[in-house]
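S.K.: What follows is a structure written as structure tokens; I'll ask about it next.
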Amino acid sequence: MLFYTLQIYFDFSGYSDMAIGLGRMFGFTFPENFNYPYISKSIREFWRRWHMTLGGWFRDYLYIPLGGNRKGKVRTCLNLFIVFALCGFWHGADWMFLFWGFYYGVFLILERVTGNFPDRLPSWLAHIYALAVVMIGWLMFRSENWEQFASMLYGLVWYGEHGFGYITPQTFKVFILFFTPGTYLTLAVGLLLITPVYQWLRDKIGNTLRNHVTLRSSLAYTWTAVLLLVCYMPLYGATYNAFIYFRF
């Protein structure tokens, strides 16, 4: 579940950035599509950071024409439910996608009717809440049917003779043997880059070198070349692997 959470973000955000870059080469300026969604502390904030172009389209062409939040709490909740049901349906004509939309609609309505309760939680707890909801949502999104979703969810929370919380040394042994050093490295880099650390470093270096335009440009081009090389490396000897979101 953790790896799929990272994979679908880097997959979708990555090819969105590629589209933005290719568009700019031809003179088109496309809006950003992601803004570090996994640092969110509520589901409302998550959907303001995730797939922002789709969210903006649903807001402008469905939520606001339905009345938005201008016709009372009941109508607002109904509008949210309709929007996210159709958001799920947009991903595919499948019951799992439809319920995935319902799932988010429920949490958004819950936050709305409680006055956005995550704001009253400690920051770390609000962050855990948002990530837990999102990750279970990805489990639903990834599942092909309810049986598969229930099986994976059951495996997450109920294992061994005594159910939840019963972890044996064998559990850790299997966990350690299952992952290679490269897997741990990938996980560490992935967890680091879902935060704004790169943006912070870029701004920090940019401010430090603001009076050294040539040096700053040289570093930018060098870093871009290194990233391009790193992106090419996995392609050698690899078979074709389409983006996850190509199916949509």
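Ordered as shown in the structure tokens, chains take letters A, B, and onward, while each chain numbers its residues from 1 and ligands are numbered from 1 in the order shown.
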When DSSP is applied to the backbone of this structure, which of segment 92-124 of chain A are assigned alpha helix (DSSP H)? Write them out as a list in words.

M.R.: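 Residues meeting the alpha helix (DSSP H) criterion: Trp95, Met96, Phe97, Leu98, Phe99, Trp100, Gly101, Phe102, Tyr103, Tyr104, Gly105, Val106, Phe107, Leu108, Ile109, Leu110, Glu111, Arg112, Val113, Ser123 and Trp124 of chain A.
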
S.K.: Print the selection's residues with N, CA, C and O atoms to a file, as an mmCIF file, in the first residue's frame.

M.R.:
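Final output, again.cif:
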```
data_model
loop_
_atom_site.group_PDB
_atom_site.id
_atom_site.type_symbol
_atom_site.label_atom_id
_atom_site.label_comp_id
_atom_site.auth_asym_id
_atom_site.auth_seq_id
_atom_site.Cartn_x
_atom_site.Cartn_y
_atom_site.Cartn_z
ATOM 1 N N TRP A 95 -17.688 -0.308 -10.569
ATOM 2 C CA TRP A 95 -18.218 -0.059 -9.230
ATOM 3 C C TRP A 95 -17.135 0.369 -8.252
ATOM 4 O O TRP A 95 -17.379 1.201 -7.366
ATOM 5 N N MET A 96 -15.903 -0.151 -8.389
ATOM 6 C CA MET A 96 -14.839 0.194 -7.445
ATOM 7 C C MET A 96 -14.491 1.675 -7.545
ATOM 8 O O MET A 96 -14.276 2.347 -6.534
ATOM 9 N N PHE A 97 -14.429 2.212 -8.757
ATOM 10 C CA PHE A 97 -14.140 3.631 -8.921
ATOM 11 C C PHE A 97 -15.285 4.491 -8.387
ATOM 12 O O PHE A 97 -15.057 5.541 -7.789
ATOM 13 N N LEU A 98 -16.508 4.020 -8.613
ATOM 14 C CA LEU A 98 -17.659 4.770 -8.123
ATOM 15 C C LEU A 98 -17.655 4.828 -6.596
ATOM 16 O O LEU A 98 -17.853 5.902 -5.996
ATOM 17 N N PHE A 99 -17.384 3.704 -5.941
ATOM 18 C CA PHE A 99 -17.333 3.696 -4.478
ATOM 19 C C PHE A 99 -16.117 4.444 -3.950
ATOM 20 O O PHE A 99 -16.147 4.994 -2.846
ATOM 21 N N TRP A 100 -15.044 4.452 -4.736
ATOM 22 C CA TRP A 100 -13.877 5.261 -4.366
ATOM 23 C C TRP A 100 -14.273 6.739 -4.314
ATOM 24 O O TRP A 100 -13.868 7.461 -3.403
ATOM 25 N N GLY A 101 -15.071 7.183 -5.280
ATOM 26 C CA GLY A 101 -15.578 8.554 -5.245
ATOM 27 C C GLY A 101 -16.500 8.785 -4.061
ATOM 28 O O GLY A 101 -16.401 9.808 -3.368
ATOM 29 N N PHE A 102 -17.397 7.808 -3.783
ATOM 30 C CA PHE A 102 -18.272 7.907 -2.612
ATOM 31 C C PHE A 102 -17.445 8.020 -1.325
ATOM 32 O O PHE A 102 -17.781 8.791 -0.416
ATOM 33 N N TYR A 103 -16.382 7.226 -1.262
ATOM 34 C CA TYR A 103 -15.511 7.175 -0.084
ATOM 35 C C TYR A 103 -14.969 8.571 0.242
ATOM 36 O O TYR A 103 -15.047 9.036 1.388
ATOM 37 N N TYR A 104 -14.454 9.251 -0.775
ATOM 38 C CA TYR A 104 -13.926 10.596 -0.535
ATOM 39 C C TYR A 104 -15.040 11.587 -0.256
ATOM 40 O O TYR A 104 -14.871 12.514 0.551
ATOM 41 N N GLY A 105 -16.181 11.406 -0.912
ATOM 42 C CA GLY A 105 -17.314 12.285 -0.649
ATOM 43 C C GLY A 105 -17.730 12.240 0.806
ATOM 44 O O GLY A 105 -18.030 13.272 1.416
ATOM 45 N N VAL A 106 -17.729 11.044 1.394
ATOM 46 C CA VAL A 106 -18.107 10.887 2.799
ATOM 47 C C VAL A 106 -17.166 11.665 3.713
ATOM 48 O O VAL A 106 -17.594 12.383 4.621
ATOM 49 N N PHE A 107 -15.849 11.544 3.481
ATOM 50 C CA PHE A 107 -14.889 12.235 4.346
ATOM 51 C C PHE A 107 -14.945 13.749 4.157
ATOM 52 O O PHE A 107 -14.788 14.510 5.128
ATOM 53 N N LEU A 108 -15.164 14.203 2.942
ATOM 54 C CA LEU A 108 -15.280 15.642 2.711
ATOM 55 C C LEU A 108 -16.530 16.208 3.375
ATOM 56 O O LEU A 108 -16.508 17.309 3.934
ATOM 57 N N ILE A 109 -17.613 15.457 3.324
ATOM 58 C CA ILE A 109 -18.850 15.883 4.001
ATOM 59 C C ILE A 109 -18.643 15.895 5.514
ATOM 60 O O ILE A 109 -19.072 16.812 6.213
ATOM 61 N N LEU A 110 -17.962 14.858 6.032
ATOM 62 C CA LEU A 110 -17.680 14.786 7.466
ATOM 63 C C LEU A 110 -16.863 15.990 7.921
ATOM 64 O O LEU A 110 -17.162 16.601 8.969
ATOM 65 N N GLU A 111 -15.855 16.373 7.145
ATOM 66 C CA GLU A 111 -15.051 17.541 7.506
ATOM 67 C C GLU A 111 -15.888 18.818 7.424
ATOM 68 O O GLU A 111 -15.735 19.728 8.246
ATOM 69 N N ARG A 112 -16.765 18.872 6.446
ATOM 70 C CA ARG A 112 -17.600 20.060 6.279
ATOM 71 C C ARG A 112 -18.572 20.241 7.444
ATOM 72 O O ARG A 112 -18.683 21.337 8.009
ATOM 73 N N VAL A 113 -19.285 19.181 7.827
ATOM 74 C CA VAL A 113 -20.322 19.305 8.856
ATOM 75 C C VAL A 113 -19.723 19.469 10.257
ATOM 76 O O VAL A 113 -20.411 19.920 11.172
ATOM 77 N N SER A 123 -1.017 18.899 14.772
ATOM 78 C CA SER A 123 -0.565 18.851 13.387
ATOM 79 C C SER A 123 -0.178 17.446 12.941
ATOM 80 O O SER A 123 -0.569 16.986 11.863
ATOM 81 N N TRP A 124 0.583 16.734 13.783
ATOM 82 C CA TRP A 124 1.058 15.394 13.414
ATOM 83 C C TRP A 124 -0.103 14.413 13.293
ATOM 84 O O TRP A 124 -0.112 13.543 12.423
#
```

S.K.: Using Å and a single decimal, report how far atom CA of Thr186 of chain A sits from atom CA of Phe141 of chain A.

M.R.: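 Taking atom CA of Phe141 of chain A as the start and atom CA of Thr186 of chain A as the end point, the length is 22.9 Å.
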
S.K.: Mind checking which residues fall within 8 Å of Ile20 of chain A, counting only C-alpha atoms, ignoring those fewer than 2 positions away in the same chain, and posting them as a list in words?

M.R.: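 Close residues of Ile20 of chain A: Ser16, Asp17, Met18, Leu22, Gly23, Arg24, Thr29, Phe30, Pro31 and Glu32 of chain A.
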
S.K.: Please, could you write that set of residues out with N, CA, C and O atoms as an mmCIF file, in the first residue's frame?

M.R.:
```cif
data_model
loop_
_atom_site.group_PDB
_atom_site.id
_atom_site.type_symbol
_atom_site.label_atom_id
_atom_site.label_comp_id
_atom_site.auth_asym_id
_atom_site.auth_seq_id
_atom_site.Cartn_x
_atom_site.Cartn_y
_atom_site.Cartn_z
ATOM 1 N N SER A 16 2.749 14.454 -15.738
ATOM 2 C CA SER A 16 2.153 15.787 -15.811
ATOM 3 C C SER A 16 3.250 16.833 -16.016
ATOM 4 O O SER A 16 3.098 17.761 -16.831
ATOM 5 N N ASP A 17 4.354 16.674 -15.286
ATOM 6 C CA ASP A 17 5.486 17.598 -15.457
ATOM 7 C C ASP A 17 6.072 17.492 -16.863
ATOM 8 O O ASP A 17 6.493 18.502 -17.453
ATOM 9 N N MET A 18 6.118 16.266 -17.397
ATOM 10 C CA MET A 18 6.605 16.085 -18.765
ATOM 11 C C MET A 18 5.699 16.815 -19.752
ATOM 12 O O MET A 18 6.177 17.469 -20.692
ATOM 13 N N LEU A 22 6.926 19.769 -22.190
ATOM 14 C CA LEU A 22 6.775 19.645 -23.645
ATOM 15 C C LEU A 22 5.895 20.757 -24.195
ATOM 16 O O LEU A 22 6.157 21.308 -25.272
ATOM 17 N N GLY A 23 4.828 21.091 -23.437
ATOM 18 C CA GLY A 23 3.968 22.185 -23.864
ATOM 19 C C GLY A 23 4.724 23.500 -23.930
ATOM 20 O O GLY A 23 4.571 24.285 -24.884
ATOM 21 N N ARG A 24 5.577 23.732 -22.938
ATOM 22 C CA ARG A 24 6.339 24.983 -22.903
ATOM 23 C C ARG A 24 7.305 25.079 -24.083
ATOM 24 O O ARG A 24 7.547 26.171 -24.615
ATOM 25 N N THR A 29 1.611 27.338 -22.047
ATOM 26 C CA THR A 29 1.845 27.329 -20.607
ATOM 27 C C THR A 29 0.696 26.604 -19.933
ATOM 28 O O THR A 29 -0.445 27.090 -19.925
ATOM 29 N N PHE A 30 0.981 25.423 -19.391
ATOM 30 C CA PHE A 30 -0.036 24.632 -18.705
ATOM 31 C C PHE A 30 0.095 24.806 -17.196
ATOM 32 O O PHE A 30 1.200 24.991 -16.683
ATOM 33 N N PRO A 31 -1.007 24.743 -16.470
ATOM 34 C CA PRO A 31 -0.946 24.921 -15.008
ATOM 35 C C PRO A 31 -0.335 23.712 -14.320
ATOM 36 O O PRO A 31 -0.347 22.597 -14.856
ATOM 37 N N GLU A 32 0.196 23.936 -13.129
ATOM 38 C CA GLU A 32 0.710 22.836 -12.311
ATOM 39 C C GLU A 32 -0.444 21.908 -11.946
ATOM 40 O O GLU A 32 -1.580 22.352 -11.757
#
```
